[in-house]
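So this one's query-v1.cif, mmCIF, C-alpha atoms:
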```cif
data_entry
loop_
_atom_site.label_atom_id
_atom_site.label_comp_id
_atom_site.auth_asym_id
_atom_site.auth_seq_id
_atom_site.Cartn_x
_atom_site.Cartn_y
_atom_site.Cartn_z
CA MET A 27 100.80 120.58 155.42
CA ILE A 28 102.76 117.35 155.30
CA TYR A 29 106.09 117.50 153.49
CA GLY A 30 106.49 114.88 150.76
CA LEU A 31 102.74 114.34 150.32
CA GLY A 32 102.97 115.17 146.61
CA ILE A 33 105.72 112.60 146.14
CA LEU A 34 103.60 109.96 147.89
CA LYS A 35 100.63 110.77 145.64
CA GLY A 36 102.81 110.44 142.55
CA LEU A 37 104.18 107.12 143.75
CA GLY A 38 100.62 105.99 144.40
CA VAL A 39 99.65 106.74 140.79
CA THR A 40 102.68 104.81 139.56
CA LEU A 41 101.83 101.87 141.83
CA LYS A 42 98.23 101.87 140.60
CA HIS A 43 99.32 101.70 136.96
CA PHE A 44 101.85 99.00 137.84
CA ILE A 45 99.16 96.79 139.43
CA TYR A 46 96.62 97.48 136.68
CA SER A 47 99.19 96.47 134.07
CA TYR A 48 99.39 92.96 135.50
CA LEU A 49 95.62 92.74 135.96
CA GLU A 50 95.06 93.74 132.33
CA ASP A 51 97.64 91.18 131.16
CA VAL A 52 95.94 88.39 133.13
CA ARG A 53 92.53 89.34 131.73
CA TYR A 54 94.01 89.50 128.24
CA LEU A 55 95.38 85.97 128.54
CA PHE A 56 92.14 84.53 129.92
CA GLU A 57 90.19 86.12 127.05
CA GLY A 58 92.28 84.25 124.49
CA GLY A 59 94.88 86.96 124.06
CA ARG A 60 97.52 84.49 122.95
CA TYR A 61 95.65 84.04 119.69
CA GLN A 62 94.54 87.59 118.98
CA PRO A 63 96.31 90.97 119.01
CA ARG A 64 95.69 93.53 121.69
CA HIS A 65 93.25 96.33 120.98
CA LEU A 66 95.88 99.04 120.83
CA PRO A 67 93.65 102.12 120.35
CA ALA A 68 91.84 101.25 123.61
CA ARG A 69 95.18 101.11 125.43
CA GLN A 70 96.05 104.55 124.14
CA GLY A 71 92.61 106.01 124.97
CA PRO A 72 91.67 108.14 127.99
CA ARG A 73 89.93 105.19 129.72
CA ALA A 74 92.86 102.81 129.36
CA ARG A 75 94.29 101.24 132.48
CA GLY A 76 97.72 99.88 133.18
CA VAL A 77 100.59 100.13 130.76
CA PHE A 78 100.17 102.67 127.98
CA THR A 79 103.29 101.92 125.96
CA VAL A 80 103.24 99.91 122.74
CA GLN A 81 105.75 97.09 122.47
CA TYR A 82 107.16 98.15 119.11
CA PRO A 83 107.93 96.43 116.74
CA LYS A 84 105.85 93.49 117.98
CA GLU A 85 102.91 95.85 118.47
CA LYS A 86 102.08 98.75 116.17
CA LEU A 87 99.37 101.36 116.47
CA PRO A 88 96.98 101.44 113.49
CA LEU A 89 97.67 104.38 111.22
CA PRO A 90 94.93 106.86 110.31
CA GLU A 91 93.79 106.81 106.70
CA ASN A 92 95.21 110.25 105.93
CA PHE A 93 98.68 109.40 107.26
CA ARG A 94 101.25 110.61 104.72
CA TYR A 95 104.66 109.22 103.95
CA ILE A 96 106.70 108.60 100.79
CA PRO A 97 104.42 108.66 97.70
CA PHE A 98 103.84 105.66 95.46
CA LEU A 99 102.53 105.23 91.92
CA VAL A 100 99.22 103.45 91.36
CA TYR A 101 99.10 100.55 88.92
CA ASP A 102 95.66 99.97 87.40
CA THR A 103 95.04 96.22 87.68
CA GLN A 104 91.90 96.31 85.52
CA GLU A 105 93.45 98.08 82.54
CA ASN A 106 96.88 96.55 83.26
CA LYS A 107 98.82 99.80 82.98
CA ILE A 108 100.33 102.61 85.02
CA LYS A 109 97.94 105.44 85.77
CA CYS A 110 100.73 108.00 85.49
CA THR A 111 100.86 109.85 82.17
CA SER A 112 104.19 111.60 82.97
CA CYS A 113 102.54 115.01 82.71
CA GLY A 114 105.01 116.39 85.25
CA ILE A 115 102.54 118.29 87.44
CA CYS A 116 103.70 116.44 90.57
CA ALA A 117 107.30 117.43 89.88
CA LYS A 118 106.32 121.07 89.35
CA VAL A 119 104.33 121.44 92.58
CA CYS A 120 106.85 119.50 94.72
CA PRO A 121 108.34 122.03 97.21
CA PRO A 122 111.74 120.30 97.71
CA GLN A 123 111.89 119.21 94.03
CA CYS A 124 112.51 115.55 94.87
CA ILE A 125 110.63 114.06 91.86
CA TRP A 126 112.26 113.35 88.49
CA ILE A 127 110.30 111.96 85.53
CA VAL A 128 111.47 110.73 82.14
CA ARG A 129 108.65 110.52 79.61
CA GLY A 130 108.47 107.34 77.58
CA THR A 131 108.77 107.30 73.79
CA ASP A 132 107.29 105.04 71.16
CA PRO A 133 110.16 103.01 69.64
CA GLN A 134 108.46 102.85 66.22
CA THR A 135 107.48 106.49 65.77
CA GLY A 136 109.88 108.12 68.21
CA ARG A 137 107.07 110.27 69.55
CA PRO A 138 106.40 110.64 73.29
CA LYS A 139 103.77 108.38 74.84
CA PRO A 140 101.68 109.05 77.97
CA GLU A 141 103.57 106.89 80.41
CA PRO A 142 106.84 107.30 82.32
CA GLU A 143 109.98 105.55 81.21
CA ALA A 144 111.66 106.43 84.50
CA PHE A 145 110.31 107.89 87.73
CA TYR A 146 112.43 108.78 90.74
CA ILE A 147 111.62 110.10 94.22
CA ASP A 148 114.44 111.02 96.57
CA ALA A 149 113.13 109.97 99.99
CA THR A 150 116.01 111.76 101.72
CA ILE A 151 114.54 115.17 100.88
CA CYS A 152 110.84 114.34 100.49
CA MET A 153 108.83 116.24 103.12
CA SER A 154 105.69 114.04 102.73
CA CYS A 155 103.52 117.12 102.19
CA GLY A 156 101.16 115.30 99.80
CA PHE A 157 101.08 118.04 97.15
CA CYS A 158 101.94 115.53 94.42
CA ALA A 159 98.94 113.34 95.30
CA GLU A 160 96.65 116.33 95.74
CA PHE A 161 97.42 117.95 92.38
CA CYS A 162 97.66 114.79 90.25
CA PRO A 163 94.74 114.99 87.76
CA PHE A 164 94.77 111.23 87.12
CA ASP A 165 94.89 109.95 90.75
CA ALA A 166 98.12 108.22 89.79
CA ILE A 167 100.22 109.09 92.81
CA LYS A 168 99.22 108.51 96.43
CA MET A 169 100.80 108.81 99.86
CA ASP A 170 102.01 105.56 101.39
CA HIS A 171 101.74 104.22 104.95
CA ASP A 172 105.12 102.46 104.97
CA TYR A 173 107.19 104.49 107.43
CA GLU A 174 109.86 101.89 108.26
CA LEU A 175 112.52 103.01 105.82
CA SER A 176 115.76 102.98 107.77
CA ALA A 177 118.81 102.25 105.64
CA TYR A 178 122.60 102.17 105.86
CA GLU A 179 123.24 103.48 102.34
CA ARG A 180 121.50 106.78 101.75
CA TYR A 181 121.28 107.04 97.98
CA GLU A 182 121.16 103.35 97.15
CA SER A 183 118.26 102.55 99.50
CA LEU A 184 116.33 105.83 99.72
CA LEU A 185 116.24 106.77 96.04
CA PHE A 186 112.98 105.19 94.86
CA ASP A 187 112.81 104.17 91.19
CA LEU A 188 109.79 103.19 89.07
CA PRO A 189 109.65 99.46 89.96
CA ARG A 190 109.85 100.25 93.66
CA LEU A 191 107.25 103.02 93.47
CA LEU A 192 104.64 100.95 91.62
CA LYS A 193 101.89 99.43 93.78
CA PRO A 194 98.53 98.00 92.65
CA ASP A 195 95.28 99.90 93.07
CA THR A 196 94.12 97.15 95.43
CA TYR A 197 96.81 98.33 97.88
CA HIS A 198 95.57 101.90 97.48
CA ALA A 199 91.98 100.73 98.16
CA ARG A 200 93.12 98.96 101.33
CA ILE A 201 94.98 101.85 102.95
CA HIS A 202 92.78 104.67 101.57
CA PRO A 203 89.22 103.28 101.50
CA SER A 204 87.51 106.70 101.55
CA ASP A 205 89.68 108.04 98.74
CA TRP A 206 89.10 104.86 96.73
CA ALA A 207 85.31 105.12 97.20
CA ARG A 208 85.43 108.73 95.99
CA GLU A 209 87.35 107.74 92.86
CA LEU A 210 84.86 104.97 92.08
CA ALA A 211 81.95 107.38 92.52
CA GLU A 212 83.59 109.89 90.18
CA LYS A 213 84.14 107.16 87.56
CA GLU A 214 80.49 106.10 87.75
CA ALA A 215 79.37 109.72 87.41
CA GLU A 216 81.62 110.17 84.37
CA LYS A 217 80.22 107.00 82.77
CA ALA A 218 76.69 108.25 83.40
CA LYS A 219 77.47 111.57 81.70
CA LYS A 220 78.96 109.80 78.68
CA GLY A 221 75.85 107.60 78.49
CA GLU A 222 73.59 110.64 78.53
CA LYS A 223 75.62 112.32 75.77
CA ALA A 224 75.47 109.13 73.67
CA GLU A 225 71.68 109.00 74.06
CA LYS A 226 71.25 112.68 73.13
CA ALA A 227 73.47 112.41 70.03
CA PRO A 228 71.05 110.19 67.94
CA ALA A 229 68.11 112.38 68.96
CA ARG A 230 69.89 115.50 67.67
CA ALA A 231 70.86 113.73 64.46
CA SER A 232 67.29 112.60 63.75
CA SER A 233 65.89 116.08 64.39
#
```
Written as structure tokens, that's how I'd like the structure from this file.
Amino acid sequence: MIYGLGILKGLGVTLKHFIYSYLEDVRYLFEGGRYQPRHLPARQGPRARGVFTVQYPKEKLPLPENFRYIPFLVYDTQENKIKCTSCGICAKVCPPQCIWIVRGTDPQTGRPKPEPEAFYIDATICMSCGFCAEFCPFDAIKMDHDYELSAYERYESLLFDLPRLLKPDTYHARIHPSDWARELAEKEAEKAKKGEKAEKAPARASS
């Protein structure tokens, strides 16, 4: 048994990664790497060679689709309105109670209307559990991928109001493609059911 053999083996592994890092950088440059980003998931995979670290913030690992952070409200670009009906289910199921909703009212009749006049989410206590998005019956609230929310002023910068929470459904389709495809399929199925009911109604009336 040779004393210090384990240390030499460890230093050999470090030296191997050190050399591979430069070799990978040279290959990256010769393959046109100056004009295209590095394939970060491959660097973080089990077969990656050389440096494993990501040069944040210049380099960022792609987020998985189901990554959850502060929720946002979906704005329907086709119907030109907010999907939220201010039903309050998201606020009821929220474990830390960080959601506040003020229901809008019709100025002519004074009666409540199905859209929020004010919507607040306190990001300082939000636990990003996703219950609000899961229980929303109108698919009006979704979990965002924007995790860079550092701020100097706690309540001025991390208390999200309605204008800041609103994002178009095209943004939702981009970060949640599977969820968006499911919603479209459900809409098509609902339209098909309504079409079948409309076809059956004249037949019942004539009989």
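Near Tyr181 of chain A, within 12 Å and counting only C-alpha atoms, sit Tyr146, Ile147, Asp148, Ala149, Thr150, Ile151 and Asp187 of chain A; same-chain residues fewer than 6 positions away were not included.
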Straight-line distance linking atom CA of Val119 of chain A with atom CA of Phe161 of chain A, stated in Å to one decimal: 7.7 Å
Selection dump of the PyMOL selection byres ((chain A and resi 123-128) around 10), as a short mmCIF file (atom, residue, chain, number, x, y, z; two decimals) with C-alpha atoms, in the frame of the given file:
```
data_model
loop_
_atom_site.label_atom_id
_atom_site.label_comp_id
_atom_site.auth_asym_id
_atom_site.auth_seq_id
_atom_site.Cartn_x
_atom_site.Cartn_y
_atom_site.Cartn_z
CA SER A 112 104.19 111.60 82.97
CA CYS A 113 102.54 115.01 82.71
CA GLY A 114 105.01 116.39 85.25
CA CYS A 116 103.70 116.44 90.57
CA ALA A 117 107.30 117.43 89.88
CA LYS A 118 106.32 121.07 89.35
CA VAL A 119 104.33 121.44 92.58
CA CYS A 120 106.85 119.50 94.72
CA PRO A 121 108.34 122.03 97.21
CA PRO A 122 111.74 120.30 97.71
CA ARG A 129 108.65 110.52 79.61
CA GLY A 130 108.47 107.34 77.58
CA THR A 131 108.77 107.30 73.79
CA GLU A 141 103.57 106.89 80.41
CA PRO A 142 106.84 107.30 82.32
CA GLU A 143 109.98 105.55 81.21
CA ALA A 144 111.66 106.43 84.50
CA PHE A 145 110.31 107.89 87.73
CA TYR A 146 112.43 108.78 90.74
CA ILE A 147 111.62 110.10 94.22
CA ASP A 148 114.44 111.02 96.57
CA ALA A 149 113.13 109.97 99.99
CA THR A 150 116.01 111.76 101.72
CA ILE A 151 114.54 115.17 100.88
CA CYS A 152 110.84 114.34 100.49
CA MET A 153 108.83 116.24 103.12
CA CYS A 158 101.94 115.53 94.42
CA LEU A 185 116.24 106.77 96.04
CA PHE A 186 112.98 105.19 94.86
CA ASP A 187 112.81 104.17 91.19
CA LEU A 188 109.79 103.19 89.07
#
```
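For the structure shown here, the set of residues caught by the PyMOL selection byres ((chain A and resi 192) around 10) is A:Pro97, A:Phe98, A:Leu99, A:Val100, A:Tyr101, A:Asp102, A:Ile108, A:Lys109, A:Phe145, A:Ala166, A:Ile167, A:Phe186, A:Asp187, A:Leu188, A:Pro189, A:Arg190, A:Leu191, A:Lys193, A:Pro194, A:Asp195.
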Give the padded box for segment 29-43 of chain A as JSON: axis-aligned, covering all atoms listed in the file, 5 Å on each side, centre and edge lengths in Å to one decimal.
```
{"center_x": 102.4, "center_y": 109.6, "center_z": 145.2, "size_x": 18.3, "size_y": 25.8, "size_z": 26.5}
```
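With only C-alpha atoms as the atoms that count, the minimum distance from Gln104 of chain A to the choices A:Gly32, A:Ala224, A:Thr196, A:Glu182 is reached by A:Thr196.
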Spatial neighbours of segment 197-202 of chain A, max dist 8 Å, all atoms listed in the file, sep filter under 6 positions, as a list of chain:residue names: A:Glu91, A:Asn92, A:Val100, A:Lys168, A:His171
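With all atoms listed in the file as the basis for measurement, A:Cys162 is the residue among A:Cys155, A:Leu184, A:Leu89, A:Cys162 that approaches Cys110 of chain A most closely.
Between atom CA of Lys42 of chain A and atom CA of Pro83 of chain A lies a distance of 26.3 Å.
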Two-atom distance - atom CA of Asp51 of chain A, atom CA of Pro90 of chain A (Å): 26.2 Å
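Each of A:Leu55, A:Phe93, A:Ala211, A:Lys35 was checked against Gly156 of chain A using only C-alpha atoms; the smallest atom-to-atom distance is that of A:Phe93.
Minimum distance to Asp205 of chain A across A:Glu222, A:Ala159, A:Tyr173, A:Lys139 (counting only C-alpha atoms) occurs at A:Ala159.
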